[in-house]
file my_file31.txt (compact mmCIF, C-alpha atoms and all ligand atoms)
# COMPACT_ATOMS: atom_id res chain seq x y z
CA MET A 1 -41.62 -11.70 82.99
CA THR A 2 -38.82 -10.73 85.35
CA VAL A 3 -35.59 -9.94 83.60
CA GLY A 4 -32.43 -9.44 85.63
CA ILE A 5 -29.17 -7.67 84.92
CA ILE A 6 -26.10 -9.05 86.65
CA GLY A 7 -22.95 -6.98 86.87
CA HIS A 8 -20.32 -5.57 89.19
CA TYR A 9 -18.46 -2.26 89.20
CA LYS A 10 -15.18 -4.15 89.51
CA CYS A 11 -15.73 -5.58 86.02
CA GLY A 12 -14.95 -2.04 84.86
CA GLU A 13 -11.49 -2.05 86.44
CA HIS A 14 -9.75 -4.56 84.15
CA ASP A 15 -7.64 -2.34 81.88
CA MET A 16 -5.62 -3.27 78.77
CA GLY A 17 -4.29 0.24 78.09
CA GLU A 18 -5.50 3.78 77.64
CA TYR A 19 -6.69 3.47 74.03
CA HIS A 20 -7.91 -0.12 74.11
CA PRO A 21 -11.49 -0.44 72.80
CA GLU A 22 -12.40 -3.16 75.32
CA ASN A 23 -12.51 -0.88 78.34
CA GLY A 24 -14.60 -0.07 81.39
CA LYS A 25 -16.43 2.78 79.64
CA ARG A 26 -18.46 0.10 77.85
CA LEU A 27 -20.20 -0.88 81.09
CA THR A 28 -20.77 2.76 82.04
CA ALA A 29 -22.35 3.36 78.61
CA ILE A 30 -24.73 0.44 79.19
CA SER A 31 -25.70 1.65 82.69
CA ASP A 32 -26.29 5.18 81.41
CA GLN A 33 -28.61 3.96 78.64
CA LEU A 34 -30.50 1.70 81.03
CA ILE A 35 -31.18 4.73 83.24
CA ARG A 36 -32.04 6.97 80.28
CA SER A 37 -34.48 4.39 78.93
CA GLY A 38 -36.15 3.85 82.31
CA LEU A 39 -35.29 0.14 82.15
CA ASP A 40 -33.35 0.33 85.41
CA TYR A 41 -36.76 0.51 87.15
CA VAL A 42 -38.14 -2.43 85.18
CA VAL A 43 -35.37 -5.00 85.55
CA ARG A 44 -33.97 -6.48 88.75
CA GLN A 45 -30.29 -5.77 89.25
CA PHE A 46 -27.83 -8.11 90.95
CA ASP A 47 -24.21 -7.86 92.00
CA ALA A 48 -22.22 -10.71 90.43
CA LYS A 49 -20.41 -13.12 92.72
CA PRO A 50 -16.93 -14.38 91.75
CA ILE A 51 -16.97 -17.84 90.21
CA ASP A 52 -15.67 -20.73 92.27
CA LYS A 53 -12.32 -21.68 90.71
CA SER A 54 -13.35 -25.34 90.46
CA LEU A 55 -16.19 -24.46 88.05
CA ILE A 56 -13.83 -22.92 85.48
CA SER A 57 -12.55 -26.41 84.71
CA LEU A 58 -15.95 -27.21 83.19
CA ALA A 59 -14.58 -25.51 80.06
CA HIS A 60 -10.81 -25.08 80.51
CA THR A 61 -7.77 -27.19 81.30
CA GLN A 62 -6.44 -27.05 84.85
CA GLU A 63 -3.07 -26.12 83.40
CA TYR A 64 -4.46 -23.02 81.68
CA ILE A 65 -6.53 -22.03 84.74
CA ASP A 66 -3.42 -22.27 86.96
CA PHE A 67 -1.42 -20.32 84.35
CA VAL A 68 -3.90 -17.41 84.58
CA PHE A 69 -4.14 -17.47 88.38
CA ASN A 70 -0.40 -17.89 88.95
CA ASN A 71 0.55 -15.06 86.61
CA ALA A 72 -2.09 -12.54 87.65
CA PRO A 73 -0.23 -9.31 88.48
CA ASN A 74 -0.36 -7.98 92.03
CA GLU A 75 1.28 -4.59 91.60
CA ASP A 76 -0.53 -1.58 90.09
CA ASP A 77 1.97 -1.03 87.27
CA GLU A 78 2.46 -4.72 86.46
CA THR A 79 0.94 -6.48 83.42
CA PHE A 80 1.00 -10.03 82.08
CA SER A 81 -0.02 -11.22 78.62
CA VAL A 82 -2.04 -14.45 78.72
CA GLY A 83 -2.29 -14.64 74.92
CA PRO A 84 -2.65 -12.43 71.82
CA ASP A 85 -4.50 -9.26 72.92
CA ALA A 86 -5.35 -10.69 76.34
CA LEU A 87 -3.42 -8.55 78.79
CA MET A 88 -3.90 -8.74 82.56
CA ASN A 89 -3.34 -5.90 85.00
CA SER A 90 -3.65 -6.08 88.78
CA LYS A 91 -7.47 -5.79 88.60
CA THR A 92 -8.02 -8.31 85.81
CA LEU A 93 -8.30 -11.54 87.78
CA THR A 94 -11.09 -10.07 89.92
CA SER A 95 -12.93 -8.88 86.78
CA ILE A 96 -12.50 -12.28 85.12
CA LEU A 97 -13.91 -14.16 88.11
CA LEU A 98 -16.88 -11.78 88.40
CA SER A 99 -17.57 -11.96 84.67
CA ALA A 100 -17.71 -15.77 84.69
CA GLY A 101 -19.47 -15.72 88.07
CA ALA A 102 -22.25 -13.52 86.65
CA ALA A 103 -23.02 -16.15 84.02
CA ILE A 104 -23.20 -18.84 86.72
CA ASP A 105 -25.46 -16.58 88.81
CA GLY A 106 -27.63 -16.09 85.73
CA VAL A 107 -28.12 -19.84 85.41
CA ASP A 108 -29.01 -20.18 89.11
CA LEU A 109 -31.43 -17.22 89.10
CA VAL A 110 -33.22 -18.48 85.99
CA MET A 111 -33.30 -22.12 87.07
CA ASN A 112 -34.71 -21.27 90.51
CA LYS A 113 -37.28 -19.06 88.77
CA THR A 114 -36.22 -15.82 90.45
CA LEU A 115 -35.81 -14.54 86.90
CA SER A 116 -37.27 -15.53 83.56
CA SER A 117 -34.10 -14.42 81.83
CA ALA A 118 -30.83 -12.70 82.69
CA PHE A 119 -28.36 -10.40 80.98
CA CYS A 120 -24.79 -10.30 82.27
CA ALA A 121 -23.42 -6.78 81.79
CA THR A 122 -19.86 -7.81 82.47
CA ARG A 123 -16.36 -7.79 81.03
CA PRO A 124 -13.93 -9.13 80.02
CA PRO A 125 -15.83 -11.02 77.32
CA GLY A 126 -15.20 -14.73 76.78
CA HIS A 127 -16.14 -16.20 73.39
CA HIS A 128 -12.60 -16.17 71.89
CA ALA A 129 -11.14 -18.06 74.88
CA GLU A 130 -10.42 -21.65 73.86
CA HIS A 131 -10.08 -24.74 76.04
CA ASP A 132 -6.43 -24.08 76.84
CA LYS A 133 -5.76 -20.48 75.85
CA GLY A 134 -6.96 -16.90 76.03
CA MET A 135 -6.97 -14.47 73.08
CA GLY A 136 -8.83 -11.53 71.55
CA PHE A 137 -9.77 -9.68 74.78
CA CYS A 138 -10.98 -12.99 76.32
CA PHE A 139 -9.55 -15.02 79.22
CA PHE A 140 -12.16 -17.57 80.34
CA ASN A 141 -15.14 -18.53 78.20
CA ASN A 142 -18.00 -17.25 80.36
CA VAL A 143 -20.83 -18.60 78.23
CA ALA A 144 -19.30 -22.07 77.74
CA ILE A 145 -18.63 -22.44 81.46
CA ALA A 146 -22.23 -21.44 82.25
CA ALA A 147 -23.68 -23.78 79.62
CA ALA A 148 -21.70 -26.71 81.02
CA TYR A 149 -22.76 -25.70 84.54
CA ALA A 150 -26.44 -25.74 83.53
CA ARG A 151 -26.10 -29.33 82.35
CA ASP A 152 -23.91 -30.40 85.25
CA LYS A 153 -25.85 -28.79 88.12
CA TYR A 154 -29.41 -28.86 86.81
CA LYS A 155 -29.14 -31.96 84.61
CA LEU A 156 -30.45 -30.19 81.53
CA LYS A 157 -30.05 -32.47 78.56
CA ARG A 158 -29.84 -29.95 75.74
CA VAL A 159 -28.48 -26.41 75.90
CA ALA A 160 -27.95 -24.06 72.97
CA ILE A 161 -25.39 -21.27 72.74
CA VAL A 162 -25.99 -18.65 70.06
CA ASP A 163 -23.45 -15.95 69.25
CA PHE A 164 -24.31 -12.86 67.18
CA ASP A 165 -21.07 -10.99 67.90
CA VAL A 166 -19.51 -9.87 64.62
CA HIS A 167 -16.51 -12.11 65.32
CA HIS A 168 -16.75 -15.87 65.19
CA GLY A 169 -16.97 -17.50 68.63
CA ASN A 170 -13.90 -19.65 67.99
CA GLY A 171 -13.37 -20.35 71.67
CA THR A 172 -16.90 -21.55 72.20
CA GLU A 173 -16.72 -23.71 69.06
CA ASP A 174 -13.42 -25.22 70.22
CA ILE A 175 -14.83 -26.12 73.62
CA VAL A 176 -18.22 -27.36 72.41
CA LYS A 177 -16.86 -29.39 69.49
CA ASN A 178 -13.78 -30.89 71.08
CA TYR A 179 -14.32 -31.05 74.81
CA PHE A 180 -18.02 -31.18 75.59
CA PRO A 181 -19.98 -34.43 75.40
CA LEU A 182 -21.78 -34.40 72.08
CA VAL A 183 -24.46 -36.94 72.83
CA ASP A 184 -26.63 -37.84 75.75
CA ASP A 185 -27.47 -41.30 76.91
CA LYS A 186 -30.53 -41.09 74.63
CA SER A 187 -28.41 -40.00 71.67
CA ASP A 188 -29.81 -36.49 71.76
CA GLY A 189 -27.26 -33.80 71.08
CA ALA A 190 -26.19 -32.19 74.33
CA TYR A 191 -25.04 -28.84 72.92
CA LEU A 192 -25.78 -26.75 69.87
CA PHE A 193 -23.60 -23.75 69.01
CA CYS A 194 -24.73 -21.20 66.40
CA SER A 195 -22.38 -18.35 65.47
CA SER A 196 -22.87 -15.56 62.92
CA TYR A 197 -19.86 -13.44 62.02
CA GLN A 198 -18.30 -11.27 59.36
CA TYR A 199 -16.08 -13.39 57.10
CA PRO A 200 -13.28 -13.19 56.13
CA PHE A 201 -12.46 -11.48 59.44
CA TYR A 202 -10.79 -12.09 62.78
CA PRO A 203 -10.17 -14.85 63.91
CA PHE A 204 -10.11 -16.08 60.26
CA ASP A 205 -9.59 -19.85 60.56
CA ILE A 206 -13.17 -21.08 60.42
CA LYS A 207 -14.69 -24.18 58.90
CA GLU A 208 -18.17 -23.64 57.52
CA SER A 209 -20.65 -25.93 59.18
CA ASP A 210 -24.38 -26.36 59.04
CA THR A 211 -24.26 -29.64 60.89
CA PRO A 212 -24.96 -29.81 64.63
CA PRO A 213 -23.39 -29.28 67.06
CA ILE A 214 -21.87 -26.35 65.11
CA ILE A 215 -23.87 -23.98 62.91
CA ASN A 216 -21.44 -21.42 61.47
CA THR A 217 -23.14 -18.60 59.61
CA PRO A 218 -20.65 -16.33 57.80
CA LEU A 219 -21.80 -12.85 56.76
CA ALA A 220 -20.26 -10.79 53.96
CA ALA A 221 -18.83 -7.43 55.01
CA THR A 222 -21.63 -5.76 53.05
CA THR A 223 -24.36 -7.45 55.12
CA LYS A 224 -27.14 -5.24 56.42
CA GLY A 225 -30.10 -6.07 58.64
CA GLU A 226 -32.12 -7.79 55.92
CA GLY A 227 -29.26 -10.16 55.06
CA PHE A 228 -28.58 -10.89 58.73
CA ARG A 229 -32.24 -11.74 59.39
CA LYS A 230 -32.38 -13.98 56.31
CA ALA A 231 -29.23 -15.86 57.38
CA ILE A 232 -30.47 -16.36 60.94
CA SER A 233 -33.93 -17.40 59.72
CA GLU A 234 -32.48 -19.96 57.31
CA HIS A 235 -29.64 -21.40 59.40
CA TRP A 236 -30.23 -20.87 63.12
CA LEU A 237 -33.97 -20.97 63.70
CA PRO A 238 -34.69 -24.36 62.05
CA ALA A 239 -31.66 -25.91 63.79
CA LEU A 240 -32.74 -24.53 67.16
CA ASN A 241 -36.34 -25.69 66.74
CA LYS A 242 -35.13 -29.15 65.79
CA PHE A 243 -32.70 -29.27 68.72
CA LYS A 244 -35.32 -28.14 71.28
CA PRO A 245 -32.94 -26.55 73.81
CA GLU A 246 -33.92 -26.57 77.48
CA MET A 247 -31.97 -23.35 77.98
CA ILE A 248 -30.59 -20.77 75.54
CA PHE A 249 -27.33 -18.93 76.16
CA ILE A 250 -26.57 -15.85 74.11
CA SER A 251 -23.09 -14.54 73.40
CA ALA A 252 -24.41 -11.02 72.93
CA GLY A 253 -21.86 -8.97 71.05
CA PHE A 254 -23.01 -5.71 69.50
CA ASP A 255 -19.98 -4.93 67.33
CA ALA A 256 -21.86 -5.64 64.08
CA HIS A 257 -23.69 -2.33 64.65
CA ILE A 258 -23.45 0.11 61.75
CA GLU A 259 -21.87 2.74 64.00
CA ASP A 260 -19.22 0.35 65.36
CA ASP A 261 -15.85 0.76 63.61
CA MET A 262 -14.77 -2.71 64.69
CA SER A 263 -16.51 -4.30 61.68
CA HIS A 264 -18.16 -3.61 58.34
CA VAL A 265 -21.48 -5.40 58.90
CA SER A 266 -24.26 -2.84 59.30
CA LEU A 267 -26.87 -3.87 61.88
CA THR A 268 -29.05 -1.55 63.93
CA GLU A 269 -30.82 -1.73 67.28
CA ALA A 270 -33.91 -3.03 65.42
CA ASP A 271 -31.94 -6.06 64.21
CA TYR A 272 -30.76 -6.88 67.75
CA ARG A 273 -34.36 -6.55 68.92
CA TRP A 274 -35.48 -8.85 66.10
CA VAL A 275 -32.98 -11.62 66.85
CA THR A 276 -33.78 -11.39 70.57
CA ASP A 277 -37.50 -11.73 69.82
CA GLU A 278 -36.87 -14.78 67.64
CA LEU A 279 -34.70 -16.44 70.30
CA LYS A 280 -37.30 -15.68 72.95
CA ILE A 281 -40.01 -17.39 70.88
CA ILE A 282 -37.84 -20.52 70.72
CA ALA A 283 -37.04 -20.33 74.44
CA GLN A 284 -40.75 -20.08 75.26
CA GLU A 285 -41.57 -22.99 72.96
CA HIS A 286 -38.92 -25.38 74.24
CA ALA A 287 -37.08 -23.98 77.29
CA GLN A 288 -39.72 -22.51 79.59
CA GLY A 289 -38.45 -19.11 78.45
CA ARG A 290 -35.01 -19.63 80.01
CA ILE A 291 -32.38 -17.33 78.49
CA VAL A 292 -29.02 -16.30 79.92
CA SER A 293 -27.36 -13.65 77.79
CA VAL A 294 -23.74 -12.64 78.28
CA LEU A 295 -22.09 -9.49 76.92
CA GLU A 296 -19.31 -10.08 74.40
CA GLY A 297 -18.18 -7.25 72.05
CA GLY A 298 -19.57 -3.83 71.17
CA TYR A 299 -17.17 -0.88 71.09
CA HIS A 300 -19.09 2.19 69.93
CA LEU A 301 -20.33 3.35 73.29
CA GLY A 302 -23.57 4.96 72.13
CA ALA A 303 -24.51 2.10 69.82
CA LEU A 304 -23.61 -0.44 72.51
CA GLY A 305 -25.84 1.19 75.13
CA ARG A 306 -28.79 1.51 72.75
CA SER A 307 -28.38 -2.03 71.42
CA VAL A 308 -28.33 -3.50 74.93
CA VAL A 309 -31.54 -1.59 75.70
CA ALA A 310 -33.13 -3.07 72.55
CA HIS A 311 -31.92 -6.55 73.54
CA ILE A 312 -33.27 -6.26 77.08
CA ASN A 313 -36.60 -4.86 75.83
CA GLY A 314 -36.75 -8.00 73.69
CA LEU A 315 -36.08 -10.24 76.67
CA ILE A 316 -38.81 -8.43 78.62
CA GLY A 317 -41.21 -8.37 75.66
CA ASN A 318 -41.89 -4.63 75.97
ZN ZN B 401 -16.54 -9.12 68.54
call {"tool": "encode", "arguments": {"input": "my_file31.txt", "output": "structure tokens", "more": "lines below"}}
Ligand SMILES: [Zn+2]
result
Amino acid sequence: MTVGIIGHYKCGEHDMGEYHPENGKRLTAISDQLIRSGLDYVVRQFDAKPIDKSLISLAHTQEYIDFVFNNAPNEDDETFSVGPDALMNSKTLTSILLSAGAAIDGVDLVMNKTLSSAFCATRPPGHHAEHDKGMGFCFFNNVAIAAAYARDKYKLKRVAIVDFDVHHGNGTEDIVKNYFPLVDDKSDGAYLFCSSYQYPFYPFDIKESDTPPIINTPLAATTKGEGFRKAISEHWLPALNKFKPEMIFISAGFDAHIEDDMSHVSLTEADYRWVTDELKIIAQEHAQGRIVSVLEGGYHLGALGRSVVAHINGLIGN
């Protein structure tokens, strides 16, 4: 099984301020752990290519896309706020285009069988970005764009997006539920979105749902690995097996880690390995093993690096 990591050093240059937790050190922490673990010799590594602007409209309004492009700062000391906690500096547009482009590259590399699965080690993240607005460290919804691209370019009928970031993937839900086609010509669902998240917690306004295309799985702040595994086993896995996705996208956020101050949920590397293994079993059963995983949150640098290693070992099957 060939697993690839897609990234670009320029994804580290987007900067929302000196003390902001979503910063370029996150990508350095991941690279350092990949080297320390020896995985850098096992995986294939690719430089991301910037996304073609026309593909962003698979998930966002042209008005919002133009708003981001037209307001992107040019000068070093200039900033522009796209939405709540979504601040652009002069490097941000390049990082955004590479981050979304990596997810597109992941789809191409997996579909043309260069890779069995791909992990996009990129930032900024995307799962809070809604159809017409950015928020919560996110500008364009990388995973939603890539999922729509997989259906559009490769004519896949059913794609699943699963999101184990500790924050609800409100942007992905908004796009999947309101703007993506829900049924195929054969009345199969086209998309399934499963999100687990601490609740009540940012971004707060969430409707519980166990009905496709949205499976929302709230977790109490006291949740530990056992509770997480039980919730995923009861809510996600049966829905995914019923849906039979032809490709699985993962919004891979690692901010539910016990060492991560961003949340109160207490997962460990072993839990990220477990959920990756379970998703891989479903991908092998229904999707020829195709998985494209995209980095979302994860702000404790050590825990982030180790969790990504566990996740990639799961994708490889080490
Ligand atoms: Zn998060």
call {"tool": "closest_residue", "arguments": {"input": "my_file31.txt", "among": "A:Val309, A:Asn241, A:Trp236, A:Gly227", "to": "Asp40 (chain A)", "atoms": "all atoms listed in the file"}}
result
A:Val309
call {"tool": "residues_near_ligand", "arguments": {"input": "my_file31.txt", "ligand": "ligand ZN 401 (chain B)", "cutoff": "6 Å", "atoms": "all atoms listed in the file", "output": "number ranges by chain"}}
result
A: 165-167, 253, 255, 297
call {"tool": "atom_distance", "arguments": {"input": "my_file31.txt", "atom1": "CA of Ser196 (chain A)", "atom2": "CA of Ala86 (chain A)"}}
result
22.6 Å
call {"tool": "residues_around", "arguments": {"input": "my_file31.txt", "residues": "Ser95 (chain A)", "least_positions_apart": "2", "cutoff": "6 Å", "atoms": "only C-alpha atoms", "output": "list of chain:residue names"}}
result
A:Lys10, A:Cys11, A:His14, A:Thr92, A:Leu93, A:Leu97, A:Leu98, A:Ser99
call {"tool": "write_last_selection", "arguments": {"input": "my_file31.txt", "atoms": "C-alpha atoms", "output": "PDB file, in the coordinates of the input"}}
result
ATOM      1  CA  LYS A  10     -15.180  -4.150  89.510  1.00  0.00           C
ATOM      2  CA  CYS A  11     -15.730  -5.580  86.020  1.00  0.00           C
ATOM      3  CA  HIS A  14      -9.750  -4.560  84.150  1.00  0.00           C
ATOM      4  CA  THR A  92      -8.020  -8.310  85.810  1.00  0.00           C
ATOM      5  CA  LEU A  93      -8.300 -11.540  87.780  1.00  0.00           C
ATOM      6  CA  LEU A  97     -13.910 -14.160  88.110  1.00  0.00           C
ATOM      7  CA  LEU A  98     -16.880 -11.780  88.400  1.00  0.00           C
ATOM      8  CA  SER A  99     -17.570 -11.960  84.670  1.00  0.00           C
TER       9      SER A  99
END
call {"tool": "residues_around", "arguments": {"input": "my_file31.txt", "residues": "Ala144 (chain A)", "least_positions_apart": "4", "cutoff": "10 Å", "atoms": "all atoms listed in the file", "output": "ChimeraX atom specification"}}
result
/A:56,58-60,100,103,126-127,129-131,140,148-150,161,171-173,175-176,180,193,249,251
call {"tool": "atom_distance", "arguments": {"input": "my_file31.txt", "atom1": "CA of Leu27 (chain A)", "atom2": "CA of Ala121 (chain A)"}}
result
6.8 Å
call {"tool": "atom_distance", "arguments": {"input": "my_file31.txt", "atom1": "CA of Pro203 (chain A)", "atom2": "CA of Thr222 (chain A)"}}
result
18.2 Å
call {"tool": "closest_residue", "arguments": {"input": "my_file31.txt", "among": "A:Thr223, A:Gln284, A:Thr114, A:Ser81", "to": "Thr2 (chain A)", "atoms": "all atoms listed in the file"}}
result
A:Thr114
call {"tool": "closest_residue", "arguments": {"input": "my_file31.txt", "among": "A:Ala160, A:Ile214, A:Met16, A:Ile65", "to": "Pro124 (chain A)", "atoms": "all atoms listed in the file"}}
result
A:Met16
call {"tool": "closest_residue", "arguments": {"input": "my_file31.txt", "among": "A:Ser54, A:Asn89, A:Asn112, A:Thr122", "to": "Gly7 (chain A)", "atoms": "only C-alpha atoms"}}
result
A:Thr122
call {"tool": "decode", "arguments": {"input": "my_file31.txt", "residues": "region 188-279 of chain A", "atoms": "C-alpha atoms", "output": "PDB file, in the first residue's frame"}}
result
ATOM      1  CA  ASP A 188     -28.599   6.757  -4.061  1.00  0.00           C
ATOM      2  CA  GLY A 189     -27.303   9.384  -1.702  1.00  0.00           C
ATOM      3  CA  ALA A 190     -24.408  11.229  -3.290  1.00  0.00           C
ATOM      4  CA  TYR A 191     -22.704  12.428  -0.099  1.00  0.00           C
ATOM      5  CA  LEU A 192     -22.558  11.327   3.509  1.00  0.00           C
ATOM      6  CA  PHE A 193     -21.035  13.594   6.162  1.00  0.00           C
ATOM      7  CA  CYS A 194     -20.195  12.250   9.632  1.00  0.00           C
ATOM      8  CA  SER A 195     -18.869  14.647  12.274  1.00  0.00           C
ATOM      9  CA  SER A 196     -17.919  13.962  15.898  1.00  0.00           C
ATOM     10  CA  TYR A 197     -17.301  16.940  18.162  1.00  0.00           C
ATOM     11  CA  GLN A 198     -17.328  18.174  21.724  1.00  0.00           C
ATOM     12  CA  TYR A 199     -20.730  19.672  22.546  1.00  0.00           C
ATOM     13  CA  PRO A 200     -21.651  22.239  23.730  1.00  0.00           C
ATOM     14  CA  PHE A 201     -18.604  23.861  22.122  1.00  0.00           C
ATOM     15  CA  TYR A 202     -17.576  26.074  19.234  1.00  0.00           C
ATOM     16  CA  PRO A 203     -19.309  26.618  16.787  1.00  0.00           C
ATOM     17  CA  PHE A 204     -22.333  25.840  19.036  1.00  0.00           C
ATOM     18  CA  ASP A 205     -25.315  26.009  16.667  1.00  0.00           C
ATOM     19  CA  ILE A 206     -25.685  22.362  15.698  1.00  0.00           C
ATOM     20  CA  LYS A 207     -28.742  20.265  14.989  1.00  0.00           C
ATOM     21  CA  GLU A 208     -28.376  16.657  16.069  1.00  0.00           C
ATOM     22  CA  SER A 209     -28.825  14.322  13.153  1.00  0.00           C
ATOM     23  CA  ASP A 210     -28.512  10.612  12.641  1.00  0.00           C
ATOM     24  CA  THR A 211     -30.165  10.752   9.256  1.00  0.00           C
ATOM     25  CA  PRO A 212     -28.098  10.781   6.055  1.00  0.00           C
ATOM     26  CA  PRO A 213     -26.632  12.841   4.560  1.00  0.00           C
ATOM     27  CA  ILE A 214     -25.641  14.248   7.985  1.00  0.00           C
ATOM     28  CA  ILE A 215     -24.550  12.114  10.939  1.00  0.00           C
ATOM     29  CA  ASN A 216     -23.748  14.470  13.825  1.00  0.00           C
ATOM     30  CA  THR A 217     -22.165  12.738  16.796  1.00  0.00           C
ATOM     31  CA  PRO A 218     -21.818  15.051  19.820  1.00  0.00           C
ATOM     32  CA  LEU A 219     -19.356  14.084  22.553  1.00  0.00           C
ATOM     33  CA  ALA A 220     -19.541  15.252  26.168  1.00  0.00           C
ATOM     34  CA  ALA A 221     -16.527  17.198  27.412  1.00  0.00           C
ATOM     35  CA  THR A 222     -15.704  14.259  29.686  1.00  0.00           C
ATOM     36  CA  THR A 223     -15.396  11.832  26.753  1.00  0.00           C
ATOM     37  CA  LYS A 224     -12.340   9.602  26.701  1.00  0.00           C
ATOM     38  CA  GLY A 225     -11.197   7.060  24.126  1.00  0.00           C
ATOM     39  CA  GLU A 226     -13.695   4.383  25.127  1.00  0.00           C
ATOM     40  CA  GLY A 227     -16.654   6.758  24.742  1.00  0.00           C
ATOM     41  CA  PHE A 228     -15.343   8.064  21.415  1.00  0.00           C
ATOM     42  CA  ARG A 229     -14.946   4.532  20.026  1.00  0.00           C
ATOM     43  CA  LYS A 230     -18.432   3.568  21.206  1.00  0.00           C
ATOM     44  CA  ALA A 231     -19.981   6.650  19.571  1.00  0.00           C
ATOM     45  CA  ILE A 232     -18.175   6.084  16.280  1.00  0.00           C
ATOM     46  CA  SER A 233     -19.012   2.360  16.312  1.00  0.00           C
ATOM     47  CA  GLU A 234     -22.700   3.045  16.928  1.00  0.00           C
ATOM     48  CA  HIS A 235     -23.265   6.068  14.686  1.00  0.00           C
ATOM     49  CA  TRP A 236     -20.661   6.271  11.929  1.00  0.00           C
ATOM     50  CA  LEU A 237     -19.687   2.735  11.018  1.00  0.00           C
ATOM     51  CA  PRO A 238     -23.198   1.355  10.326  1.00  0.00           C
ATOM     52  CA  ALA A 239     -24.090   4.487   8.318  1.00  0.00           C
ATOM     53  CA  LEU A 240     -20.890   4.237   6.287  1.00  0.00           C
ATOM     54  CA  ASN A 241     -21.357   0.527   5.591  1.00  0.00           C
ATOM     55  CA  LYS A 242     -24.919   1.157   4.478  1.00  0.00           C
ATOM     56  CA  PHE A 243     -23.870   4.091   2.287  1.00  0.00           C
ATOM     57  CA  LYS A 244     -21.024   2.155   0.599  1.00  0.00           C
ATOM     58  CA  PRO A 245     -18.808   5.132  -0.284  1.00  0.00           C
ATOM     59  CA  GLU A 246     -16.596   4.893  -3.361  1.00  0.00           C
ATOM     60  CA  MET A 247     -14.091   7.220  -1.715  1.00  0.00           C
ATOM     61  CA  ILE A 248     -13.635   8.364   1.888  1.00  0.00           C
ATOM     62  CA  PHE A 249     -12.438  11.849   2.781  1.00  0.00           C
ATOM     63  CA  ILE A 250     -11.233  12.507   6.299  1.00  0.00           C
ATOM     64  CA  SER A 251     -11.254  15.903   7.978  1.00  0.00           C
ATOM     65  CA  ALA A 252      -8.411  14.889  10.264  1.00  0.00           C
ATOM     66  CA  GLY A 253      -8.291  17.224  13.229  1.00  0.00           C
ATOM     67  CA  PHE A 254      -6.285  16.130  16.253  1.00  0.00           C
ATOM     68  CA  ASP A 255      -7.455  18.743  18.765  1.00  0.00           C
ATOM     69  CA  ALA A 256      -9.460  16.206  20.801  1.00  0.00           C
ATOM     70  CA  HIS A 257      -6.104  14.876  22.073  1.00  0.00           C
ATOM     71  CA  ILE A 258      -5.781  14.791  25.857  1.00  0.00           C
ATOM     72  CA  GLU A 259      -2.717  17.049  25.712  1.00  0.00           C
ATOM     73  CA  ASP A 260      -4.419  19.650  23.495  1.00  0.00           C
ATOM     74  CA  ASP A 261      -5.722  22.638  25.490  1.00  0.00           C
ATOM     75  CA  MET A 262      -8.144  23.545  22.716  1.00  0.00           C
ATOM     76  CA  SER A 263     -10.754  21.089  24.051  1.00  0.00           C
ATOM     77  CA  HIS A 264     -11.722  18.902  26.987  1.00  0.00           C
ATOM     78  CA  VAL A 265     -12.205  15.590  25.172  1.00  0.00           C
ATOM     79  CA  SER A 266      -9.367  13.217  26.041  1.00  0.00           C
ATOM     80  CA  LEU A 267      -8.258  11.073  23.098  1.00  0.00           C
ATOM     81  CA  THR A 268      -4.814   9.583  22.564  1.00  0.00           C
ATOM     82  CA  GLU A 269      -2.756   8.493  19.566  1.00  0.00           C
ATOM     83  CA  ALA A 270      -4.232   4.984  20.014  1.00  0.00           C
ATOM     84  CA  ASP A 271      -7.738   6.358  19.437  1.00  0.00           C
ATOM     85  CA  TYR A 272      -6.676   8.111  16.219  1.00  0.00           C
ATOM     86  CA  ARG A 273      -5.050   4.865  15.104  1.00  0.00           C
ATOM     87  CA  TRP A 274      -8.257   2.979  15.934  1.00  0.00           C
ATOM     88  CA  VAL A 275     -10.571   5.282  13.977  1.00  0.00           C
ATOM     89  CA  THR A 276      -8.167   5.255  11.020  1.00  0.00           C
ATOM     90  CA  ASP A 277      -8.126   1.443  11.058  1.00  0.00           C
ATOM     91  CA  GLU A 278     -11.930   1.313  11.118  1.00  0.00           C
ATOM     92  CA  LEU A 279     -12.222   3.773   8.221  1.00  0.00           C
TER      93      LEU A 279
END
